[in-house]
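Presented below is the structure to which this report refers.
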2 protein chains.
Amino acid sequence: MADKNINDVKNPVQSAERIFGVLEMLAVTGPIGLVELSTKLVLHKSTVHRLLLSLICMGYVNQDEETGKYMLSFKIVELSGKILSKVDIITKVRPFIEELANSCRETVHFVQRRGTDVFYLEKVAPLNPQESAIRMASQVGFSRPLYCSAVGKAILAEMKDDEIKYIWDNSVVEKKTEKTITGYQELQMELAQIREKGYALDNEENEIGVRCIAACIKNHNGIPNNAFSISAPVGRMTDERIAILAQDVLKTRMIIQKALGH
Amino acid sequence: MADKNINDVKNPVQSAERIFGVLEMLAVTGPIGLVELSTKLVLHKSTVHRLLLSLICMGYVNQDEETGKYMLSFKIVELSGKILSKVDIITKVRPFIEELANSCRETVHFVQRRGTDVFYLEKVAPLNPQESAIRMASQVGFSRPLYCSAVGKAILAEMKDDEIKYIWDNSVVEKKTEKTITGYQELQMELAQIREKGYALDNEENEIGVRCIAACIKNHNGIPNNAFSISAPVGRMTDERIAILAQDVLKTRMIIQKALGH
DNA sequence: AACCTTGTTTCATATTATGAAACTTTTTTC
DNA sequence: GAAAAAAGTTTCATAATATGAAACAAGGTT
């Protein structure tokens, strides 16, 4: 993932560094007491207390009346909603994503590249009681490495060789399942295949039991910044069905590119 | 809405106040230049510049390479995802919400009370191409006053009289449509009806063309903190269909309360 | 009842943020 | 295409702010 202060540039505002540290820690821990929090952050409890008061004052944090523990309010969720509502690629693409989910009756994701990862911007789940397995796996606001997801590989396949190499070198390659690609050569061959077919597959490389089909979407400069995928349990994702769904994916990609006008 | 520094208590950390001011402003404006931003915030451009550098350093802000404008990254969305994934009422209730959306083929929302508002925690939209009208109207992360939504009224109906009065007095009552309730007496009569029937209706009180049916959910202390609703365009929400859907809503409420074990 | 842990407040001090000004770069105007 | 204006960035002395030790308060535990 590798954020934690891009570069090691010193933060020009110390208290900003600290207060966002508190915020991010709270997002990870959930409700927590002052001493435990200050221990985790390696900050004086007096300092953390003051920062918490500030966050409470701004509406980002609440203190549980009964337990005294501090926790995040939904103000961040609210901000997130405002941010997403301004991302116009989502509103432009959503109808087609929904159409695809509707016609194939499977979960469809829409992602955006962010450094070495893909970031999940939108999920459309079909109302199909059988497949609750997939439903929980991925959510808006989460991210995955490019190299081990169908959406990621679809994007990679359209990038220049040196960019691909750079991303590979800066990714933490991890064998998530026995099928995860962990060699650069292997990835290159895979990408060549994707270029040929026009779509990418994730054959249980990320999570056992889940297969995906993805295609990328280029922006007005021809840069592959987005992608979408169909995800389904292996049981419903046979090779025969992949052949069919792949056609839907390719068709949807074409329609979206045309709708975007580039 | 009325946040903006709960009470008028002075923020104990000035730079926190300012840096979150920058963050919130960026969420509203979208990409924006330094001078315009500092003018809006009534802060020296040098100060705003330093705060922006700090936000960039922490990964919350990006600067557009071409235009030089500053904008929020998706880090807030990521935090929001983490927060929501920890709200266990959502995971507990989701299956039943989905089941309801599935059986009635309409959009279902799940909300939580927050002061004088309801806050939208989850939306399940059926894959039904006809009804794109509703789909966009409400989203996770947004909020509405209690008094003018079905979910809000369902919650209010279960509250004590003095609490209802308090909320009414602290709500900004606004005639959103010609059917919006704007009198306290009128609201009280409406709430009495809701108590009798067990469910609440929004008959185009919030938005012309949209009707909703809602029921509230009580927590382990018997406090009505959550609610869910079915929303649909008037065309599909005839009085006859309301009678049918109301039964689904009541049944779902019962199942959820039982599943929550209180 | 004494002791420990957690949470809160105070305050002198040192550190940090501030913003004016200088400077650079980009855009606009004539 | 030169001059002017606007936007963006950097520097630095100074004023203001954040800091954390210490004292205090409130629950909890032995």
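By convention here, the chains of the structure tokens are called A, B, ... in the order presented, each chain's residues are numbered starting at 1, and ligands are numbered starting at 1 in the order presented.
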Requested in this report: For chain D, list the residues within 8 Å of chain A, counting only C-alpha atoms (C1' of nucleotides), and write the list as number ranges by chain.
Outcome: D: 18-20
Would you export the selected residues with C-alpha atoms (C1' of nucleotides) as a PDB file, in the first residue's frame, please?
```pdb
ATOM      1  C1'  DA D  18       1.175  23.548  21.000  1.00  0.00           C
ATOM      2  C1'  DT D  19       3.537  20.982  24.308  1.00  0.00           C
ATOM      3  C1'  DG D  20       3.822  17.748  28.166  1.00  0.00           C
TER       4       DG D  20
END
```
Report task. Give the alpha helix (DSSP H) residues of stretch 77-184 of chain A, as DSSP finds them on the backbone, and put them as JSON, numbers by chain. Result -> {"A": [77, 78, 79, 80, 81, 82, 83, 84, 85, 88, 89, 90, 91, 92, 93, 94, 95, 96, 97, 98, 99, 100, 101, 102, 103, 104, 132, 133, 134, 135, 150, 151, 152, 153, 154, 155, 156, 161, 162, 163, 164, 165, 166, 167, 168, 169, 184]}
Writing out the chosen residues with N, CA and C atoms as a CSV table (one decimal), in the first residue's frame:
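The resulting file, part01.csv, is reproduced below:
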```csv
chain,number,residue,atom,x,y,z
A,77,VAL,N,-17.6,9.7,6.7
A,77,VAL,CA,-18.5,9.0,5.7
A,77,VAL,C,-19.2,10.0,4.8
A,78,GLU,N,-19.7,11.1,5.5
A,78,GLU,CA,-20.4,12.2,4.8
A,78,GLU,C,-19.5,12.9,3.8
A,79,LEU,N,-18.3,13.2,4.2
A,79,LEU,CA,-17.3,13.8,3.3
A,79,LEU,C,-17.0,12.8,2.2
A,80,SER,N,-16.9,11.6,2.4
A,80,SER,CA,-16.6,10.6,1.4
A,80,SER,C,-17.8,10.6,0.4
A,81,GLY,N,-19.0,10.7,0.9
A,81,GLY,CA,-20.2,10.8,0.0
A,81,GLY,C,-20.1,12.0,-0.9
A,82,LYS,N,-19.7,13.1,-0.4
A,82,LYS,CA,-19.6,14.3,-1.2
A,82,LYS,C,-18.5,14.2,-2.2
A,83,ILE,N,-17.4,13.6,-1.8
A,83,ILE,CA,-16.3,13.4,-2.8
A,83,ILE,C,-16.7,12.5,-3.9
A,84,LEU,N,-17.4,11.3,-3.6
A,84,LEU,CA,-17.8,10.4,-4.6
A,84,LEU,C,-18.8,11.0,-5.6
A,85,SER,N,-19.7,11.8,-5.0
A,85,SER,CA,-20.8,12.4,-5.8
A,85,SER,C,-20.2,13.4,-6.9
A,88,ASP,N,-17.2,12.4,-11.7
A,88,ASP,CA,-18.2,12.2,-12.8
A,88,ASP,C,-18.0,11.0,-13.6
A,89,ILE,N,-16.8,10.4,-13.6
A,89,ILE,CA,-16.7,9.2,-14.3
A,89,ILE,C,-17.6,8.1,-13.8
A,90,ILE,N,-17.9,8.2,-12.5
A,90,ILE,CA,-18.8,7.2,-11.8
A,90,ILE,C,-20.2,7.3,-12.4
A,91,THR,N,-20.7,8.6,-12.4
A,91,THR,CA,-22.1,8.8,-12.8
A,91,THR,C,-22.2,8.5,-14.3
A,92,LYS,N,-21.1,8.8,-15.1
A,92,LYS,CA,-21.2,8.5,-16.5
A,92,LYS,C,-21.2,7.0,-16.8
A,93,VAL,N,-20.4,6.3,-16.0
A,93,VAL,CA,-20.3,4.8,-16.3
A,93,VAL,C,-21.3,4.0,-15.6
A,94,ARG,N,-21.9,4.5,-14.5
A,94,ARG,CA,-22.8,3.6,-13.7
A,94,ARG,C,-23.9,3.0,-14.5
A,95,PRO,N,-24.6,3.7,-15.4
A,95,PRO,CA,-25.8,3.0,-16.1
A,95,PRO,C,-25.3,1.8,-16.8
A,96,PHE,N,-24.1,1.8,-17.4
A,96,PHE,CA,-23.7,0.7,-18.2
A,96,PHE,C,-23.2,-0.5,-17.3
A,97,ILE,N,-22.6,-0.1,-16.2
A,97,ILE,CA,-22.2,-1.1,-15.2
A,97,ILE,C,-23.5,-1.8,-14.7
A,98,GLU,N,-24.5,-1.0,-14.4
A,98,GLU,CA,-25.8,-1.6,-13.9
A,98,GLU,C,-26.4,-2.5,-15.0
A,99,GLU,N,-26.4,-2.0,-16.2
A,99,GLU,CA,-26.9,-2.8,-17.3
A,99,GLU,C,-26.2,-4.2,-17.4
A,100,LEU,N,-24.9,-4.1,-17.3
A,100,LEU,CA,-24.1,-5.4,-17.3
A,100,LEU,C,-24.5,-6.3,-16.2
A,101,ALA,N,-24.5,-5.8,-15.0
A,101,ALA,CA,-24.8,-6.6,-13.8
A,101,ALA,C,-26.2,-7.2,-14.0
A,102,ASN,N,-27.1,-6.4,-14.5
A,102,ASN,CA,-28.5,-6.8,-14.7
A,102,ASN,C,-28.6,-8.0,-15.7
A,103,SER,N,-27.8,-7.8,-16.8
A,103,SER,CA,-28.0,-8.8,-17.9
A,103,SER,C,-27.3,-10.1,-17.5
A,104,CYS,N,-26.2,-10.0,-16.8
A,104,CYS,CA,-25.5,-11.3,-16.5
A,104,CYS,C,-25.8,-11.8,-15.1
A,132,SER,N,-24.3,-15.0,-1.9
A,132,SER,CA,-23.9,-14.1,-0.8
A,132,SER,C,-22.4,-14.2,-0.6
A,133,ALA,N,-21.8,-15.2,-1.1
A,133,ALA,CA,-20.3,-15.4,-0.9
A,133,ALA,C,-19.5,-14.2,-1.4
A,134,ILE,N,-19.8,-13.9,-2.6
A,134,ILE,CA,-19.0,-12.8,-3.3
A,134,ILE,C,-19.3,-11.4,-2.7
A,135,ARG,N,-20.6,-11.3,-2.3
A,135,ARG,CA,-21.1,-10.0,-2.0
A,135,ARG,C,-20.2,-9.2,-1.0
A,150,ALA,N,-8.2,-9.0,-11.8
A,150,ALA,CA,-8.5,-8.9,-13.2
A,150,ALA,C,-8.5,-7.5,-13.6
A,151,VAL,N,-9.2,-6.6,-12.9
A,151,VAL,CA,-9.2,-5.2,-13.2
A,151,VAL,C,-7.8,-4.6,-13.3
A,152,GLY,N,-7.0,-5.0,-12.4
A,152,GLY,CA,-5.6,-4.5,-12.4
A,152,GLY,C,-4.8,-4.9,-13.6
A,153,LYS,N,-5.0,-6.2,-13.9
A,153,LYS,CA,-4.2,-6.7,-15.1
A,153,LYS,C,-4.8,-6.1,-16.4
A,154,ALA,N,-6.1,-5.9,-16.4
A,154,ALA,CA,-6.7,-5.2,-17.6
A,154,ALA,C,-6.0,-3.9,-17.8
A,155,ILE,N,-5.8,-3.1,-16.7
A,155,ILE,CA,-5.2,-1.8,-16.8
A,155,ILE,C,-3.7,-1.9,-17.2
A,156,LEU,N,-3.0,-2.8,-16.5
A,156,LEU,CA,-1.6,-3.0,-16.8
A,156,LEU,C,-1.3,-3.3,-18.3
A,161,ASP,N,5.7,-0.7,-21.3
A,161,ASP,CA,6.5,-1.6,-20.7
A,161,ASP,C,7.2,-1.1,-19.4
A,162,ASP,N,7.8,0.1,-19.6
A,162,ASP,CA,8.6,0.7,-18.5
A,162,ASP,C,7.7,1.0,-17.3
A,163,GLU,N,6.4,1.4,-17.6
A,163,GLU,CA,5.5,1.7,-16.5
A,163,GLU,C,5.1,0.4,-15.8
A,164,ILE,N,4.9,-0.7,-16.6
A,164,ILE,CA,4.6,-2.0,-16.0
A,164,ILE,C,5.7,-2.4,-15.1
A,165,LYS,N,7.0,-2.3,-15.6
A,165,LYS,CA,8.1,-2.7,-14.8
A,165,LYS,C,8.2,-1.9,-13.5
A,166,TYR,N,8.0,-0.6,-13.6
A,166,TYR,CA,8.0,0.3,-12.5
A,166,TYR,C,7.0,-0.2,-11.4
A,167,ILE,N,5.8,-0.4,-11.9
A,167,ILE,CA,4.7,-0.9,-11.0
A,167,ILE,C,5.1,-2.2,-10.3
A,168,TRP,N,5.6,-3.1,-11.1
A,168,TRP,CA,6.0,-4.4,-10.6
A,168,TRP,C,7.0,-4.3,-9.5
A,169,ASP,N,8.0,-3.4,-9.8
A,169,ASP,CA,9.1,-3.2,-8.9
A,169,ASP,C,8.6,-2.6,-7.6
A,184,TYR,N,7.7,-11.9,-12.8
A,184,TYR,CA,7.6,-10.8,-13.7
A,184,TYR,C,7.3,-11.4,-15.1
```
Report task. Point out the residue among C:DA22, C:DT28, C:DA17, C:DT10 with the least atom-to-atom distance to chain B, counting only C-alpha atoms (C1' of nucleotides). Result ->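 Counting only C-alpha atoms (C1' of nucleotides), the residue closest to chain B is C:DA17.
You will find atom CA of A:Lys69 at 25.7 Å from atom CA of A:Gly141.
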Report task. List every residue of stretch 8-250 of chain B that DSSP, applied to the backbone, labels as strand (DSSP E), and write the result as number ranges by chain. Result -> B: 61-63, 70-72, 107-114, 117-124, 143-145, 200-203, 210-218, 224-233
Under the rule of at most 10 Å, produce a per-residue listing of chain C near chain A: chain, number, name, the closest pair of atoms, and the distance in Å, as JSON lines, using only C-alpha atoms (C1' of nucleotides).
```
{"residue": "C:DT5", "atom": "C1'", "partner": "A:Val35", "partner_atom": "CA", "distance": 9.5}
{"residue": "C:DT6", "atom": "C1'", "partner": "A:Val35", "partner_atom": "CA", "distance": 6.9}
{"residue": "C:DG7", "atom": "C1'", "partner": "A:Leu34", "partner_atom": "CA", "distance": 7.2}
{"residue": "C:DT8", "atom": "C1'", "partner": "A:His49", "partner_atom": "CA", "distance": 8.4}
{"residue": "C:DT9", "atom": "C1'", "partner": "A:Ser46", "partner_atom": "CA", "distance": 9.4}
{"residue": "C:DT16", "atom": "C1'", "partner": "A:Gln14", "partner_atom": "CA", "distance": 7.9}
{"residue": "C:DA17", "atom": "C1'", "partner": "A:Val13", "partner_atom": "CA", "distance": 7.8}
```
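Atom to atom, atom CA of A:Gln247 and atom CA of A:Ile217 stand 15.6 Å apart.
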Report task. Go ahead and compute the interatomic distance for atom CA of A:Lys160 and atom CA of A:Asn206, in Å to one decimal. Result -> 24.0 Å
